[in-house]
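Trainee: Below is the structure I would like to discuss, written out as structure tokens.
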Amino acid sequence: AGVFTYDPGFTSTASCDSTITFIDGGKGELLHRGYPIDQLAGKSHYLEVCYLLLYGELPSAAELEKFEGLITHHTMLHEQMQNFFRGFRRDAHPMAIMVGVVGAMSAFYHDSTDISDADQREIASHRLIAKMPTIAAWAYKYSIGQPFIYPRNDLDYASNFLRMCFAVPAEDYEVNPILSRAMDRIFTLHADHEQNASTSTVRLASSSGANPFACIAAGIACLWGPAHGGANQACLEMLKEIGTPDRIPEFIARAKDKNDPYRLMGFGHRVYKNHDPRATVMKQSADEVLELLGVDNNPILQVAKELEAAALADPYFADKKLFPNVDFYSGIILEAMGFPTSMFTPIFAVARTVGWISQWKEQLSDPQHKIGRPRQLYLGEVNRDYSDIETR
Ligand code: CMC
């Protein structure tokens, strides 16, 4: 026996202490190492935020240059790893490929599976941050039957990713700076979010001493679900299902119906009950991208704009504090950029890798850390006598 607190969904249980990310859901505040997310998304860029999350301070110019060099150095995938991609069915979901390939990295980089070695932990973190865009882009290229595009390390992180996704061999591909900035913002805004489901999964996996690649593969698997990172894909699929603005009231009515489990994807958040500060920045970014690329001939984007307005004006959503979350707008941007919906969650996974890794490093450096082992409320039968099969 023993006394346990029963807290399904961990709505009021702190699982660790941390100095990385602070959220005040009531105020709609998100801080990384004390810096507000709107300042980071507005003035900084993804790799600088990665440095901040990993090491706790903003880098000097020399530190940033060195860090960017290290990440760039690791962007290539071992040529033999292409065999992992080729082993999947061509129509495999890119998230399935990512779970597999990232997990398989532990079979490739034995040296950085030694978590007792601080230098190897460092190399593992750089490898993961550097290789995730390549893995995501190659999962996409594989799924559409195009040749893999190798990383180009003179480009910044976001531009390199866009090029690996959209360039075709023997054709020129210029990355539009507005799209590259929007991509960088999507990465920055998804970089970390304290003890969400996938990060808690990474920490729980790591608590047993599992290697970093196995832990991050577990995080990717958890992120895939539609209540978490899969929401951006689910949101766009919902917009496509709605199809035309005249059908919006029908879907809003379904979301409000107590007897219908249907939810508006991209609305609501477990922690933010006022507004999602990431959504505010993402909305500005969406407006910039839509202005550049135009929405007039994209019915999905028209539906998105009108659904947002209709939900915000509806008392049901206001009373339950359901606002568009970051994934509502990121989905719109990615759709406008030309990504298929199946790539939305992989992009979230690329961005969140630094958060997972920073939390993993923090956990391992905590001398108090021990294996995670939740208990349960047992509601089953007790003390039954086994009966032989002939008598049942
Ligand atoms: N549409 C309609 N009703 C909703 C929605 C929604 N999107 N979200 C919550 N509700 C209602 C829900 O039915 C419940 O009503 P009642 O009190 O009458 O039973 C009430 O609001 C509270 O919902 P909950 O499920 O107890 O809230 P939660 O904090 O457990 O869930 C959530 C948070 C994000 C899982 C949920 O809002 C949701 O399913 N949203 C849609 C999926 C989504 O967009 N997820 C992305 C989250 S942001 C990115 C990330 O962190 O991964």
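Labeling convention for the structure tokens: chains A, B, ... as they appear, residues from 1 per chain, ligands from 1 in order of appearance.
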Which residues sit within 9 Å of ligand 1, counting only C-alpha atoms and all ligand atoms, listed as a count of residues only?
Mentor: 50
Trainee: Considering only C-alpha atoms, tabulate each residue of region 181-258 of chain A that lies at most 12 Å from region 38-48 of chain A along with its nearest interatomic pair and the corresponding distance in Å to one decimal; arrange the rows by chain and ascending residue number and present them as JSON lines.
Mentor:
```
{"residue": "A:Arg181", "atom": "CA", "partner": "A:His45", "partner_atom": "CA", "distance": 8.6}
{"residue": "A:Ala182", "atom": "CA", "partner": "A:Ala41", "partner_atom": "CA", "distance": 9.9}
{"residue": "A:Met183", "atom": "CA", "partner": "A:Tyr46", "partner_atom": "CA", "distance": 9.5}
{"residue": "A:Asp184", "atom": "CA", "partner": "A:Tyr46", "partner_atom": "CA", "distance": 5.9}
{"residue": "A:Arg185", "atom": "CA", "partner": "A:Ala41", "partner_atom": "CA", "distance": 5.9}
{"residue": "A:Ile186", "atom": "CA", "partner": "A:Ala41", "partner_atom": "CA", "distance": 8.8}
{"residue": "A:Phe187", "atom": "CA", "partner": "A:Tyr46", "partner_atom": "CA", "distance": 6.2}
{"residue": "A:Thr188", "atom": "CA", "partner": "A:Tyr46", "partner_atom": "CA", "distance": 4.9}
{"residue": "A:Leu189", "atom": "CA", "partner": "A:Ala41", "partner_atom": "CA", "distance": 6.6}
{"residue": "A:His190", "atom": "CA", "partner": "A:Tyr46", "partner_atom": "CA", "distance": 9.7}
{"residue": "A:Ala191", "atom": "CA", "partner": "A:Tyr46", "partner_atom": "CA", "distance": 8.0}
{"residue": "A:Asp192", "atom": "CA", "partner": "A:Tyr46", "partner_atom": "CA", "distance": 11.3}
```
Trainee: Print the selection's residues with N, CA and C atoms to a file, as a PDB file, in the first residue's frame.
Mentor:
```pdb
ATOM      1  N   ARG A 181      12.412  33.179 -43.408  1.00  0.00           N
ATOM      2  CA  ARG A 181      12.179  33.810 -42.103  1.00  0.00           C
ATOM      3  C   ARG A 181      10.956  33.175 -41.421  1.00  0.00           C
ATOM      4  N   ALA A 182       9.907  32.927 -42.226  1.00  0.00           N
ATOM      5  CA  ALA A 182       8.690  32.319 -41.654  1.00  0.00           C
ATOM      6  C   ALA A 182       8.988  30.908 -41.156  1.00  0.00           C
ATOM      7  N   MET A 183       9.818  30.174 -41.915  1.00  0.00           N
ATOM      8  CA  MET A 183      10.202  28.812 -41.504  1.00  0.00           C
ATOM      9  C   MET A 183      10.999  28.878 -40.208  1.00  0.00           C
ATOM     10  N   ASP A 184      11.932  29.824 -40.146  1.00  0.00           N
ATOM     11  CA  ASP A 184      12.748  29.980 -38.939  1.00  0.00           C
ATOM     12  C   ASP A 184      11.866  30.293 -37.731  1.00  0.00           C
ATOM     13  N   ARG A 185      10.825  31.110 -37.951  1.00  0.00           N
ATOM     14  CA  ARG A 185       9.912  31.445 -36.843  1.00  0.00           C
ATOM     15  C   ARG A 185       9.130  30.224 -36.387  1.00  0.00           C
ATOM     16  N   ILE A 186       8.705  29.407 -37.346  1.00  0.00           N
ATOM     17  CA  ILE A 186       7.993  28.174 -36.966  1.00  0.00           C
ATOM     18  C   ILE A 186       8.912  27.321 -36.098  1.00  0.00           C
ATOM     19  N   PHE A 187      10.167  27.183 -36.496  1.00  0.00           N
ATOM     20  CA  PHE A 187      11.131  26.419 -35.680  1.00  0.00           C
ATOM     21  C   PHE A 187      11.281  27.068 -34.296  1.00  0.00           C
ATOM     22  N   THR A 188      11.472  28.381 -34.282  1.00  0.00           N
ATOM     23  CA  THR A 188      11.716  29.085 -33.008  1.00  0.00           C
ATOM     24  C   THR A 188      10.516  28.942 -32.074  1.00  0.00           C
ATOM     25  N   LEU A 189       9.315  29.107 -32.621  1.00  0.00           N
ATOM     26  CA  LEU A 189       8.118  29.094 -31.765  1.00  0.00           C
ATOM     27  C   LEU A 189       7.793  27.695 -31.238  1.00  0.00           C
ATOM     28  N   HIS A 190       8.346  26.676 -31.856  1.00  0.00           N
ATOM     29  CA  HIS A 190       8.085  25.306 -31.397  1.00  0.00           C
ATOM     30  C   HIS A 190       9.269  24.716 -30.631  1.00  0.00           C
ATOM     31  N   ALA A 191      10.283  25.522 -30.348  1.00  0.00           N
ATOM     32  CA  ALA A 191      11.562  24.968 -29.854  1.00  0.00           C
ATOM     33  C   ALA A 191      11.438  24.233 -28.522  1.00  0.00           C
ATOM     34  N   ASP A 192      10.656  24.793 -27.599  1.00  0.00           N
ATOM     35  CA  ASP A 192      10.488  24.094 -26.319  1.00  0.00           C
ATOM     36  C   ASP A 192       9.171  24.533 -25.691  1.00  0.00           C
TER      37      ASP A 192
END
```
Trainee: Compile the contact shell of region 134-142 of chain A as a ChimeraX atom specification: residues with an atom at most 10 Å away, counting only C-alpha atoms, same-chain residues fewer than 3 positions apart removed.
Mentor: /A:75-77,81-82,85-86,88-98,101-102,128-131,145-151,160-168,339-340,342-343,345-347,349-350
Trainee: If you run DSSP on the backbone here, which positions in region 198-304 of chain A get alpha helix (DSSP H)? Please write them as JSON, numbers by chain.
Mentor: {"A": [198, 199, 200, 201, 202, 203, 204, 205, 206, 207, 212, 213, 214, 215, 216, 217, 218, 219, 220, 221, 222, 223, 231, 232, 233, 234, 235, 236, 237, 238, 239, 240, 241, 242, 248, 249, 250, 251, 252, 253, 254, 255, 256, 277, 278, 279, 280, 281, 282, 283, 284, 285, 286, 287, 288, 289, 290, 291, 292, 293, 299, 300, 301, 302, 303, 304]}
Trainee: Pull C-alpha atoms from the residues just selected and write them as a short mmCIF file (atom, residue, chain, number, x, y, z; two decimals), in the first residue's frame.
Mentor:
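Below is the file that was written, out.cif:
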```cif
data_model
loop_
_atom_site.label_atom_id
_atom_site.label_comp_id
_atom_site.auth_asym_id
_atom_site.auth_seq_id
_atom_site.Cartn_x
_atom_site.Cartn_y
_atom_site.Cartn_z
CA SER A 198 6.43 14.43 -25.83
CA THR A 199 9.00 16.10 -23.56
CA SER A 200 7.70 14.13 -20.59
CA THR A 201 7.99 11.03 -22.76
CA VAL A 202 11.63 11.85 -23.52
CA ARG A 203 12.34 12.40 -19.82
CA LEU A 204 10.57 9.19 -18.80
CA ALA A 205 12.43 7.18 -21.46
CA SER A 206 15.71 8.77 -20.40
CA SER A 207 15.05 8.09 -16.71
CA PRO A 212 19.59 9.84 -26.52
CA PHE A 213 18.51 8.60 -29.96
CA ALA A 214 16.08 6.11 -28.40
CA CYS A 215 14.70 8.86 -26.14
CA ILE A 216 14.18 11.32 -29.00
CA ALA A 217 12.55 8.58 -31.12
CA ALA A 218 10.12 8.07 -28.22
CA GLY A 219 9.42 11.83 -28.18
CA ILE A 220 8.74 11.84 -31.93
CA ALA A 221 6.31 8.92 -31.52
CA CYS A 222 4.39 10.80 -28.82
CA LEU A 223 4.37 14.05 -30.77
CA ALA A 231 -2.85 18.89 -34.42
CA ASN A 232 -1.38 20.96 -37.24
CA GLN A 233 -2.00 18.17 -39.75
CA ALA A 234 -5.42 17.43 -38.23
CA CYS A 235 -6.26 21.14 -38.43
CA LEU A 236 -5.52 21.41 -42.14
CA GLU A 237 -7.41 18.19 -42.82
CA MET A 238 -10.36 19.69 -40.95
CA LEU A 239 -10.18 22.85 -43.09
CA LYS A 240 -10.15 20.70 -46.21
CA GLU A 241 -13.12 18.71 -44.94
CA ILE A 242 -15.02 21.94 -44.28
CA ILE A 248 -18.36 26.57 -41.19
CA PRO A 249 -21.52 26.91 -39.02
CA GLU A 250 -22.18 23.17 -39.39
CA PHE A 251 -18.70 22.30 -38.04
CA ILE A 252 -18.89 24.86 -35.24
CA ALA A 253 -22.24 23.36 -34.21
CA ARG A 254 -20.66 19.89 -34.11
CA ALA A 255 -17.75 21.14 -31.95
CA LYS A 256 -20.27 22.64 -29.50
CA PRO A 277 1.64 33.84 -27.10
CA ARG A 278 3.15 31.73 -29.86
CA ALA A 279 -0.07 32.03 -31.84
CA THR A 280 0.13 35.84 -31.77
CA VAL A 281 3.54 35.81 -33.48
CA MET A 282 2.56 32.97 -35.78
CA LYS A 283 -0.52 34.87 -36.93
CA GLN A 284 1.66 37.85 -37.95
CA SER A 285 3.92 35.48 -39.82
CA ALA A 286 0.91 33.85 -41.50
CA ASP A 287 -0.31 37.27 -42.64
CA GLU A 288 3.14 38.04 -44.17
CA VAL A 289 3.32 34.73 -45.99
CA LEU A 290 -0.26 34.92 -47.23
CA GLU A 291 0.35 38.42 -48.52
CA LEU A 292 3.41 37.19 -50.39
CA LEU A 293 1.81 34.06 -51.80
CA PRO A 299 -10.09 28.02 -50.72
CA ILE A 300 -8.54 26.28 -47.68
CA LEU A 301 -6.88 29.48 -46.53
CA GLN A 302 -10.15 31.36 -47.04
CA VAL A 303 -11.93 28.80 -44.85
CA ALA A 304 -9.19 29.20 -42.20
#
```
Trainee: Pull the closest atom pair for each residue of region 74-132 of chain A that gets at most 12 Å from region 52-65 of chain A, along with the distance in Å to one decimal, counting only C-alpha atoms, ordering rows by chain and then ascending residue number, as a tab-separated table.
Mentor:
```
residue	atom	partner	partner_atom	distance
A:Arg121	CA	A:Leu54	CA	11.7
A:Glu122	CA	A:Leu54	CA	9.7
A:Ser125	CA	A:Leu54	CA	8.9
A:His126	CA	A:Leu54	CA	10.1
A:Ile129	CA	A:Leu54	CA	10.9
```
Trainee: Could you dump the residues just selected with C-alpha atoms as a PDB file, in the first residue's frame?
Mentor:
```
ATOM      1  CA  ARG A 121      26.255  13.825 -24.648  1.00  0.00           C
ATOM      2  CA  GLU A 122      27.290  17.085 -26.281  1.00  0.00           C
ATOM      3  CA  SER A 125      22.835  16.793 -28.977  1.00  0.00           C
ATOM      4  CA  HIS A 126      24.608  18.473 -31.905  1.00  0.00           C
ATOM      5  CA  ILE A 129      19.737  19.116 -33.919  1.00  0.00           C
TER       6      ILE A 129
END
```
